[in-house]
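Source file: my_file-v1.cif (mmCIF, C-alpha atoms)
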```
data_run
#
loop_
_atom_site.label_atom_id
_atom_site.label_comp_id
_atom_site.auth_asym_id
_atom_site.auth_seq_id
_atom_site.Cartn_x
_atom_site.Cartn_y
_atom_site.Cartn_z
CA MET D 1 -36.38 48.81 3.90
CA GLY D 2 -36.99 45.23 5.09
CA PHE D 3 -36.24 43.80 8.54
CA TYR D 4 -32.99 42.20 7.37
CA GLN D 5 -31.84 45.42 5.74
CA VAL D 6 -32.65 47.43 8.89
CA ALA D 7 -30.74 44.95 11.07
CA GLN D 8 -27.79 44.96 8.68
CA PHE D 9 -27.73 48.77 8.63
CA ARG D 10 -27.70 48.90 12.42
CA THR D 11 -24.87 46.37 12.56
CA LEU D 12 -22.82 48.30 10.01
CA THR D 13 -23.48 51.56 11.86
CA GLN D 14 -22.28 50.05 15.15
CA GLN D 15 -19.17 48.72 13.45
CA ARG D 16 -18.44 52.08 11.92
CA VAL D 17 -18.82 53.90 15.27
CA GLU D 18 -16.50 51.47 17.05
CA LEU D 19 -13.89 51.63 14.28
CA GLU D 20 -14.04 55.44 14.33
CA ARG D 21 -13.13 55.39 18.02
CA GLU D 22 -10.16 53.13 17.34
CA TRP D 23 -9.12 55.24 14.35
CA GLU D 24 -9.15 58.37 16.54
CA ARG D 25 -6.79 56.69 19.00
CA TRP D 26 -4.31 55.79 16.24
CA ALA D 27 -4.58 58.75 13.89
CA ARG D 28 -4.60 61.50 16.50
CA THR D 29 -1.65 60.18 18.53
CA PRO D 30 1.70 61.48 17.21
CA ASN D 31 3.82 58.54 18.42
CA ILE D 32 3.81 56.03 15.56
CA ALA D 33 7.00 54.22 16.48
CA MET D 34 5.38 51.99 19.12
CA PRO D 35 3.32 48.98 17.96
CA ARG D 36 -0.19 49.17 19.40
CA THR D 37 -2.71 46.61 20.53
CA PRO D 38 -6.20 47.28 19.13
CA ARG D 39 -8.85 47.92 21.79
CA THR D 40 -11.59 46.43 19.65
CA SER D 41 -11.79 43.01 18.03
CA LEU D 42 -13.34 44.70 15.00
CA LEU D 43 -9.93 46.07 13.99
CA ARG D 44 -8.43 43.25 11.96
CA LYS D 45 -4.74 42.39 12.26
CA GLU D 46 -3.95 43.15 8.60
CA VAL D 47 -5.63 46.58 8.89
CA ALA D 48 -3.77 47.45 12.10
CA GLN D 49 -0.48 46.44 10.48
CA SER D 50 -1.29 48.58 7.44
CA TRP D 51 -2.08 51.57 9.68
CA GLN D 52 1.23 51.14 11.46
CA ARG D 53 3.11 51.14 8.14
CA SER D 54 1.08 53.91 6.53
CA LEU D 55 1.32 56.42 9.36
CA HIS D 56 5.01 56.88 8.55
CA THR D 57 4.22 58.38 5.13
CA VAL D 58 0.55 59.35 4.99
CA ASP D 59 -1.32 62.16 6.77
CA PRO D 60 -4.75 60.78 7.81
CA GLY D 61 -6.12 64.24 7.14
CA ARG D 62 -5.18 64.35 3.48
CA THR D 63 -8.16 64.94 1.19
CA VAL D 64 -7.10 63.69 -2.25
CA ALA D 65 -4.81 61.06 -3.73
CA PRO D 66 -1.73 62.24 -5.63
CA GLY D 67 -1.64 61.26 -9.25
CA LEU D 68 -0.36 61.49 -12.79
CA ASP D 69 -1.72 63.97 -15.32
CA ASP D 70 -1.42 61.58 -18.26
CA ILE D 71 -1.67 57.78 -18.08
CA GLY D 72 -2.13 57.27 -21.82
CA ASP D 73 1.15 55.41 -22.28
CA LEU D 74 0.69 53.36 -19.10
CA TRP D 75 -2.74 52.18 -20.23
CA ALA D 76 -1.63 51.55 -23.81
CA GLU D 77 1.25 49.36 -22.66
CA SER D 78 -0.61 47.59 -19.86
CA PRO D 79 -1.36 43.87 -20.35
CA LEU D 80 -4.72 44.60 -18.70
CA ARG D 81 -5.95 46.91 -21.46
CA ARG D 82 -7.25 44.21 -23.79
CA PRO D 83 -9.06 41.99 -21.23
CA VAL D 84 -10.51 44.96 -19.34
CA THR D 85 -11.70 46.56 -22.58
CA GLU D 86 -13.39 43.32 -23.62
CA LEU D 87 -14.97 42.89 -20.19
CA ALA D 88 -15.99 46.55 -19.95
CA PRO D 89 -19.72 45.93 -20.68
CA ASP D 90 -19.88 43.33 -17.89
CA LEU D 91 -17.92 45.53 -15.49
CA ARG D 92 -20.19 48.50 -16.19
CA GLY D 93 -23.30 46.38 -15.74
CA ILE D 94 -22.12 44.98 -12.40
CA ALA D 95 -20.96 48.37 -11.14
CA GLU D 96 -24.09 50.29 -12.11
CA ASP D 97 -26.56 47.59 -10.99
CA SER D 98 -24.91 47.25 -7.58
CA GLY D 99 -24.21 50.93 -6.97
CA TYR D 100 -20.45 50.42 -6.94
CA LEU D 101 -17.52 51.96 -8.78
CA ALA D 102 -15.28 49.51 -10.67
CA VAL D 103 -11.58 50.41 -10.72
CA VAL D 104 -8.53 48.76 -12.30
CA SER D 105 -4.99 49.70 -11.27
CA ASP D 106 -1.49 48.67 -12.28
CA ALA D 107 0.86 46.81 -9.94
CA GLU D 108 2.05 50.11 -8.40
CA GLY D 109 -1.48 51.16 -7.46
CA THR D 110 -1.96 53.78 -10.18
CA ILE D 111 -5.55 53.69 -11.46
CA LEU D 112 -5.73 52.98 -15.17
CA TRP D 113 -9.48 52.58 -15.75
CA SER D 114 -12.77 53.06 -13.93
CA CYS D 115 -16.51 52.92 -14.54
CA GLY D 116 -19.77 53.32 -12.64
CA ALA D 117 -22.82 55.54 -12.36
CA ARG D 118 -22.03 59.20 -12.95
CA PRO D 119 -22.98 60.46 -9.44
CA LEU D 120 -20.66 57.93 -7.80
CA ARG D 121 -17.88 58.72 -10.28
CA ARG D 122 -18.17 62.40 -9.35
CA GLN D 123 -17.76 61.53 -5.66
CA ALA D 124 -14.76 59.36 -6.49
CA GLU D 125 -13.17 62.10 -8.59
CA GLN D 126 -13.21 64.42 -5.57
CA VAL D 127 -10.63 62.15 -3.88
CA ASN D 128 -8.96 61.22 -7.20
CA LEU D 129 -10.27 57.64 -7.14
CA ALA D 130 -10.04 57.95 -10.90
CA PRO D 131 -7.57 57.23 -13.73
CA GLY D 132 -4.20 58.68 -12.77
CA GLY D 133 -4.76 58.50 -9.01
CA CYS D 134 -2.04 56.75 -7.01
CA TRP D 135 -3.58 54.50 -4.35
CA ASN D 136 -0.70 52.43 -3.02
CA GLU D 137 -0.11 52.24 0.73
CA SER D 138 2.71 54.75 0.83
CA HIS D 139 0.57 57.43 -0.84
CA MET D 140 -3.00 56.82 0.39
CA GLY D 141 -2.55 54.57 3.38
CA THR D 142 -4.88 51.68 4.11
CA ASN D 143 -7.43 51.07 1.34
CA GLY D 144 -8.64 48.05 -0.61
CA LEU D 145 -6.36 48.42 -3.62
CA ALA D 146 -3.30 49.06 -1.46
CA LEU D 147 -3.99 46.14 0.86
CA ALA D 148 -4.63 43.70 -2.00
CA LEU D 149 -1.41 44.70 -3.74
CA ARG D 150 0.59 44.67 -0.50
CA THR D 151 -0.63 41.26 0.75
CA ASP D 152 -1.11 39.77 -2.73
CA ARG D 153 -4.54 38.45 -1.80
CA PRO D 154 -8.18 39.63 -1.91
CA ALA D 155 -8.94 42.36 0.64
CA SER D 156 -11.79 44.49 1.90
CA VAL D 157 -11.58 47.80 3.77
CA PHE D 158 -14.69 49.15 5.49
CA SER D 159 -15.37 52.74 6.51
CA ALA D 160 -12.98 53.82 9.29
CA GLU D 161 -10.60 50.99 8.47
CA HIS D 162 -9.36 53.46 5.83
CA LEU D 163 -6.47 55.44 7.26
CA VAL D 164 -7.47 58.64 5.43
CA ALA D 165 -10.52 60.16 7.11
CA VAL D 166 -12.13 61.41 3.91
CA LEU D 167 -12.59 57.75 2.87
CA HIS D 168 -14.59 56.71 5.94
CA GLY D 169 -17.77 56.95 3.91
CA TRP D 170 -16.56 54.21 1.55
CA VAL D 171 -16.18 50.46 1.50
CA CYS D 172 -13.93 48.75 -1.04
CA TYR D 173 -13.34 45.18 -2.16
CA SER D 174 -10.18 44.39 -4.12
CA ALA D 175 -8.13 41.51 -5.45
CA PRO D 176 -4.74 41.39 -7.17
CA ILE D 177 -4.48 40.35 -10.83
CA HIS D 178 -1.64 38.03 -11.87
CA GLY D 179 -0.13 37.58 -15.30
CA PRO D 180 0.68 34.18 -16.86
CA ASP D 181 4.05 34.17 -15.09
CA GLY D 182 2.36 34.57 -11.71
CA ARG D 183 3.51 38.12 -11.07
CA GLN D 184 1.17 40.96 -10.19
CA VAL D 185 0.08 43.12 -13.10
CA GLY D 186 -2.53 45.12 -11.20
CA ALA D 187 -5.67 44.93 -9.10
CA LEU D 188 -9.43 45.17 -9.54
CA ASP D 189 -11.60 46.99 -7.04
CA LEU D 190 -15.31 47.57 -6.41
CA SER D 191 -15.95 50.60 -4.16
CA GLY D 192 -19.16 52.07 -2.87
CA SER D 193 -20.92 53.70 0.06
CA TRP D 194 -20.15 52.11 3.45
CA ASP D 195 -23.81 51.21 4.04
CA ARG D 196 -23.75 48.94 0.96
CA SER D 197 -21.11 46.71 2.51
CA HIS D 198 -21.74 43.01 1.88
CA PRO D 199 -19.29 40.06 1.80
CA ALA D 200 -20.79 38.80 -1.47
CA VAL D 201 -19.16 41.74 -3.27
CA LEU D 202 -15.72 40.20 -2.69
CA THR D 203 -16.94 37.01 -4.39
CA SER D 204 -17.86 39.11 -7.44
CA VAL D 205 -14.41 40.71 -7.42
CA ARG D 206 -12.74 37.29 -7.30
CA ALA D 207 -14.85 36.08 -10.21
CA LEU D 208 -14.01 39.14 -12.29
CA VAL D 209 -10.30 38.76 -11.55
CA THR D 210 -10.48 35.09 -12.57
CA ALA D 211 -12.02 36.16 -15.89
CA VAL D 212 -9.26 38.73 -16.48
CA GLU D 213 -6.50 36.25 -15.60
CA THR D 214 -8.03 33.63 -17.89
CA MET D 215 -7.96 36.09 -20.77
CA LEU D 216 -4.36 37.02 -19.97
CA ARG D 217 -3.31 33.37 -20.11
CA ALA D 218 -5.18 32.84 -23.37
CA ALA D 219 -3.57 35.86 -25.05
CA GLU D 220 -1.16 35.06 -27.86
CA PRO D 221 2.33 35.35 -26.32
CA THR D 222 5.03 37.38 -27.99
CA PRO D 223 7.67 34.96 -29.32
CA SER D 224 10.85 35.06 -27.25
CA PRO D 225 14.06 35.67 -29.22
CA GLY D 226 16.67 32.93 -29.24
CA LEU D 227 16.34 29.35 -28.03
CA ARG D 228 13.54 28.41 -25.66
CA LEU D 229 12.98 24.95 -24.17
CA ASP D 230 9.53 24.23 -22.76
CA CYS D 231 9.58 20.98 -20.81
CA LEU D 232 7.00 21.32 -18.02
CA GLY D 233 3.96 19.36 -19.08
CA THR D 234 5.24 19.38 -22.65
CA ALA D 235 8.44 18.90 -24.69
CA ARG D 236 9.45 21.37 -27.38
CA LEU D 237 12.33 23.56 -28.46
CA LEU D 238 11.70 26.94 -30.10
CA ARG D 239 13.99 29.33 -31.90
CA ASP D 240 12.61 32.87 -32.09
CA GLY D 241 9.17 31.41 -31.42
CA SER D 242 9.30 28.79 -34.19
CA PRO D 243 9.52 25.07 -33.30
CA LEU D 244 12.71 23.11 -33.92
CA PRO D 245 11.87 19.40 -34.37
CA LEU D 246 14.10 17.28 -32.13
CA PRO D 247 13.78 13.64 -31.06
CA PRO D 248 12.87 13.03 -27.39
CA ARG D 249 16.39 11.91 -26.42
CA GLN D 250 17.96 15.19 -27.52
CA LEU D 251 15.28 17.20 -25.70
CA GLU D 252 16.07 15.20 -22.56
CA ILE D 253 19.80 15.93 -22.90
CA LEU D 254 19.12 19.64 -23.45
CA ALA D 255 16.87 19.79 -20.38
CA LEU D 256 19.56 18.16 -18.24
CA LEU D 257 22.21 20.58 -19.53
CA ALA D 258 19.91 23.55 -18.84
CA LEU D 259 19.25 22.39 -15.27
CA GLU D 260 22.93 21.75 -14.54
CA PRO D 261 24.73 25.04 -15.33
CA ASN D 262 28.11 23.51 -14.43
CA GLY D 263 27.61 20.79 -17.01
CA PHE D 264 28.59 17.11 -17.05
CA THR D 265 31.60 15.02 -17.76
CA PRO D 266 30.85 12.50 -20.54
CA GLU D 267 30.59 9.76 -17.90
CA GLN D 268 28.18 11.78 -15.74
CA LEU D 269 25.91 12.60 -18.66
CA HIS D 270 25.99 8.97 -19.82
CA THR D 271 24.76 7.88 -16.37
CA ALA D 272 22.11 10.61 -16.25
CA VAL D 273 20.75 9.62 -19.66
CA TYR D 274 21.15 5.83 -19.75
CA GLY D 275 21.62 4.78 -16.14
CA ASP D 276 22.94 1.22 -15.93
CA ARG D 277 21.95 0.32 -19.48
CA ALA D 278 24.68 -1.03 -21.72
CA VAL D 279 24.80 1.83 -24.22
CA SER D 280 28.04 2.75 -25.96
CA THR D 281 29.64 6.15 -25.46
CA SER D 282 29.49 6.71 -29.21
CA THR D 283 25.68 6.79 -29.03
CA LEU D 284 25.79 9.63 -26.50
CA LYS D 285 28.41 11.48 -28.56
CA ALA D 286 26.23 11.19 -31.66
CA ASP D 287 23.17 12.54 -29.79
CA VAL D 288 25.16 15.47 -28.36
CA SER D 289 26.65 16.18 -31.80
CA ARG D 290 23.17 16.39 -33.37
CA LEU D 291 21.95 18.56 -30.51
CA ARG D 292 24.97 20.83 -30.92
CA ARG D 293 24.11 21.39 -34.58
CA ALA D 294 20.48 22.08 -33.73
CA THR D 295 21.41 24.67 -31.11
CA GLY D 296 24.04 26.37 -33.24
CA GLY D 297 27.11 24.95 -31.52
CA GLU D 298 26.18 26.05 -28.00
CA ILE D 299 27.57 22.92 -26.26
CA THR D 300 31.24 22.44 -25.36
CA ASN D 301 33.14 19.28 -26.26
CA ARG D 302 35.23 17.82 -23.44
CA ARG D 303 32.77 18.76 -20.73
CA TYR D 304 29.19 18.90 -21.88
CA LEU D 305 28.14 22.43 -20.98
CA LEU D 306 25.78 25.01 -22.48
CA THR D 307 27.73 28.07 -23.57
CA GLY D 308 24.89 30.13 -25.04
CA PRO D 309 21.63 31.39 -23.53
CA VAL D 310 18.78 28.86 -23.63
CA GLY D 311 15.55 29.90 -21.95
CA CYS D 312 13.90 27.06 -20.08
CA ASP D 313 10.67 26.96 -18.06
CA ALA D 314 12.10 24.30 -15.71
CA VAL D 315 15.09 26.54 -14.91
CA ASP D 316 12.71 29.44 -14.24
CA LEU D 317 10.72 27.19 -11.92
CA LEU D 318 13.87 26.10 -10.11
CA GLY D 319 14.76 29.75 -9.52
CA ALA D 320 11.29 30.54 -8.17
CA ILE D 321 11.50 27.62 -5.72
CA ALA D 322 14.99 28.67 -4.60
CA THR D 323 13.91 32.26 -3.88
CA GLY D 324 10.64 31.32 -2.17
CA ASP D 325 8.53 32.92 -4.91
CA VAL D 326 5.57 30.56 -4.51
CA THR D 327 3.27 32.54 -6.79
CA SER D 328 5.64 32.31 -9.76
CA ALA D 329 6.43 28.66 -8.99
CA VAL D 330 2.76 27.67 -9.05
CA TRP D 331 2.10 29.55 -12.30
CA LEU D 332 5.21 28.12 -13.96
CA TYR D 333 4.42 24.54 -12.96
CA ARG D 334 2.25 23.48 -15.90
CA GLY D 335 2.95 19.79 -15.41
CA PRO D 336 5.72 17.28 -14.71
CA LEU D 337 9.12 17.63 -16.33
CA LEU D 338 9.13 15.97 -19.77
CA PRO D 339 6.10 13.77 -19.06
CA GLY D 340 6.60 10.19 -20.20
CA SER D 341 10.39 10.32 -20.09
CA GLU D 342 12.07 7.49 -18.16
CA THR D 343 15.59 8.91 -18.42
CA PRO D 344 17.11 8.63 -14.90
CA GLY D 345 18.34 12.21 -14.73
CA VAL D 346 15.00 13.56 -15.93
CA VAL D 347 13.08 11.40 -13.44
CA ALA D 348 15.24 12.71 -10.58
CA TRP D 349 14.71 16.35 -11.60
CA ARG D 350 10.97 15.71 -12.16
CA ASP D 351 10.58 14.52 -8.57
CA TYR D 352 12.73 17.37 -7.23
CA LEU D 353 10.69 20.08 -8.95
CA HIS D 354 7.33 18.55 -8.07
CA VAL D 355 8.23 18.11 -4.41
CA GLY D 356 9.67 21.63 -4.27
CA VAL D 357 6.48 23.26 -5.55
CA ARG D 358 4.21 20.99 -3.50
CA THR D 359 6.08 21.70 -0.27
CA ALA D 360 5.91 25.45 -0.89
CA VAL D 361 2.17 25.26 -1.61
CA LEU D 362 1.42 23.30 1.57
CA ALA D 363 3.42 25.84 3.59
CA SER D 364 1.64 28.81 1.98
CA ASP D 365 -1.38 30.48 3.56
CA ARG D 366 -2.63 31.72 0.19
CA VAL D 367 -5.55 29.67 -1.01
CA GLU D 368 -4.85 30.64 -4.63
CA HIS D 369 -1.63 28.61 -4.51
CA ALA D 370 -3.38 25.43 -3.39
CA VAL D 371 -6.28 25.80 -5.84
CA ALA D 372 -3.99 26.38 -8.82
CA PHE D 373 -1.53 23.63 -7.92
CA GLY D 374 -4.42 21.23 -7.30
CA GLU D 375 -5.32 21.52 -10.97
CA ARG D 376 -1.85 20.19 -11.87
CA ALA D 377 -1.88 17.53 -9.16
CA PRO D 378 -5.42 16.09 -9.33
CA ASP D 379 -4.55 12.98 -7.27
CA ASP D 380 -3.01 14.90 -4.36
CA VAL D 381 -5.52 14.56 -1.51
CA GLU D 382 -3.44 16.62 0.93
CA VAL D 383 -3.29 19.62 -1.42
CA HIS D 384 -7.08 19.60 -1.97
CA GLU D 385 -7.72 19.32 1.77
CA HIS D 386 -5.31 22.22 2.36
CA ALA D 387 -7.25 24.34 -0.16
CA LEU D 388 -10.62 23.52 1.41
CA ARG D 389 -9.40 24.47 4.88
CA MET D 390 -8.56 27.96 3.61
CA LEU D 391 -11.50 28.57 1.26
CA PRO D 392 -14.34 30.65 2.78
CA SER D 393 -17.67 28.86 3.04
CA GLY D 394 -19.30 30.91 0.30
CA ASP D 395 -16.41 30.79 -2.17
CA VAL D 396 -17.47 29.42 -5.55
CA ARG D 397 -14.17 27.57 -5.88
CA ARG D 398 -15.13 25.16 -3.11
CA ALA D 399 -17.25 23.18 -5.57
CA VAL D 400 -14.31 22.55 -7.90
CA VAL D 401 -11.89 21.67 -5.10
CA THR D 402 -14.44 19.40 -3.42
CA ALA D 403 -14.93 17.55 -6.71
CA ARG D 404 -11.17 17.16 -7.10
CA LEU D 405 -10.89 15.78 -3.58
CA HIS D 406 -13.74 13.33 -4.15
CA THR D 407 -12.11 12.07 -7.34
CA ALA D 408 -8.70 11.74 -5.69
CA LEU D 409 -10.12 9.82 -2.72
CA HIS D 410 -11.89 7.35 -5.02
CA ALA D 411 -9.11 6.96 -7.56
#
```
I need this file expressed as C-alpha cells, please.
Amino acid sequence: MGFYQVAQFRTLTQQRVELEREWERWARTPNIAMPRTPRTSLLRKEVAQSWQRSLHTVDPGRTVAPGLDDIGDLWAESPLRRPVTELAPDLRGIAEDSGYLAVVSDAEGTILWSCGARPLRRQAEQVNLAPGGCWNESHMGTNGLALALRTDRPASVFSAEHLVAVLHGWVCYSAPIHGPDGRQVGALDLSGSWDRSHPAVLTSVRALVTAVETMLRAAEPTPSPGLRLDCLGTARLLRDGSPLPLPPRQLEILALLALEPNGFTPEQLHTAVYGDRAVSTSTLKADVSRLRRATGGEITNRRYLLTGPVGCDAVDLLGAIATGDVTSAVWLYRGPLLPGSETPGVVAWRDYLHVGVRTAVLASDRVEHAVAFGERAPDDVEVHEHALRMLPSGDVRRAVVTARLHTALHA
C-alpha cells in the first residue's frame, strides 16, 4: 500500500469513527420528533434530513431489506431492461475491475438487476441488496439508491451515514435515471466496501446513467393513438403515429387552438394568425375548414374550439411549467415553438414557453436542468454560467458547458 493509499485509509477511518459516534446519538435516542443539530461537520445536511425522515419507519437495527419473491414481470416491463441488457458487459467490467457491485432499481427503489464479483454479490445477498430487494427510504432508511431517488440527483452514502447499522461496512454511489419525458424510471448504483470510497466513482455512475438515458431517448417510441401535434423544435401532425401532411398555416392554427382550451372567436383567431395584415375573413374560414377535415371535424364552428383530444407537446410543456415540474419541462423543451413561424400568436406563445422554462432552470439547484437546457439555448450565457457554478470541478460535463459558454460569448 502506497503513501497516498495509507493516508486515504487513515482519513476514511477517522471519518467512519466520527460518523459512528453521531449515528449512535441519533439511532439510540428514542425521541425522533425533535429536529437535531449534527455535532460533527462530517454529517451532511441531506443525510441528517434523511435520518430524520427514516427513523419514523425504519429500525436502525434491521438486518435485511424487505423484498419481492418474483420480479420477472417488473423487469420484463421496465424501460430499463433493454439499455441495461445492452450495457451489461460494460457494467460487469466496471464493477468487477473496481471491486464494486452494480445495481439497477426501478423508480420505487426495488432492485431489478445486479452484477459484480461473486464474493461481493454473496455479501450483498445477505442484506438483500439483490434483485427483488426494496431499498427506498421508507423501507431501508438512508442509502445511496434511496437518497438519489428521493432528491432526484446523484448521491453518495458512506459507512455510518447509512441509517441501518448492518450497512456501515458499505459505501454506495447512485444517480437517478430519467426517461425521455423527464420522469424517473429508476436509479443506478455502485456499492462496495467502505475503504474503497473515492469521489471518482460517482463520476463513473453519472457517465453510466448518461449512457442509459441516451439509449432510452434513442429507443423507437410506441405510436400514440389518436391525433398528436409535435411543435417544439419541429412541426408535424400524427394520427396513430402516422404523419398527416398539413401546410404550415394549418399547423399554426392547430397549435394555437391546442394552447387555448377556451378557444377563439373568429376575430380573435384572425388577429392571432394574421395580426394587422389585411387578410379577408374568408381566408381564415377556408384554413379552418381544411383543418377541420384533416382532424375529423374536431373544431366547432361559431367559436373556434377543439372538441376532441389532440395530444400536443407544447401543452404538456405548459402543464409542467404551471406545476413547477422543472425536470419534465426541460426534457419536453426540444426547441422553440414552431421554429420559423412569424404568426403573431405563435410568436407570443414561443416567448412565453421559452421564458417559463428558462426562469425555472435558473431558479433550480439541479445542475442537470441547466446542462440540458443549455443544449437547447446555446446562446444563453447566463444559463451556461449557472451550470458551471453548480458543476463539481472534476465533472466531465464542465468541458461541454465551458465550450458552449465560450461560443456564446463570442457569437
For D:Arg21, list every protein, DNA or RNA residue within 10 Å, evaluated using all atoms listed in the file, and leave out those in the same chain fewer than 6 positions away; present the list as a ChimeraX atom specification. /D:39-40,160
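Taking atom CA of D:Ala399 and atom CA of D:Arg217 as the two end points, the separation is 22.6 Å.
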Output check: residues returned by the PyMOL selection byres ((chain D and resi 375-386) around 12), as a PyMOL selection string: chain D and resi 232-233+330-336+354-355+357-374+387-391+397-411
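Proximity of D:Trp51, D:Trp23, D:Tyr173, D:Tyr352 to D:Ile321, computed with all atoms listed in the file, is greatest for D:Tyr352.
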State, in Å with one decimal place, the distance from atom CA of D:Ala255 to atom CA of D:Leu305. 11.6 Å
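Going from atom CA of D:Gly319 over to atom CA of D:Leu147, you cover 27.0 Å.
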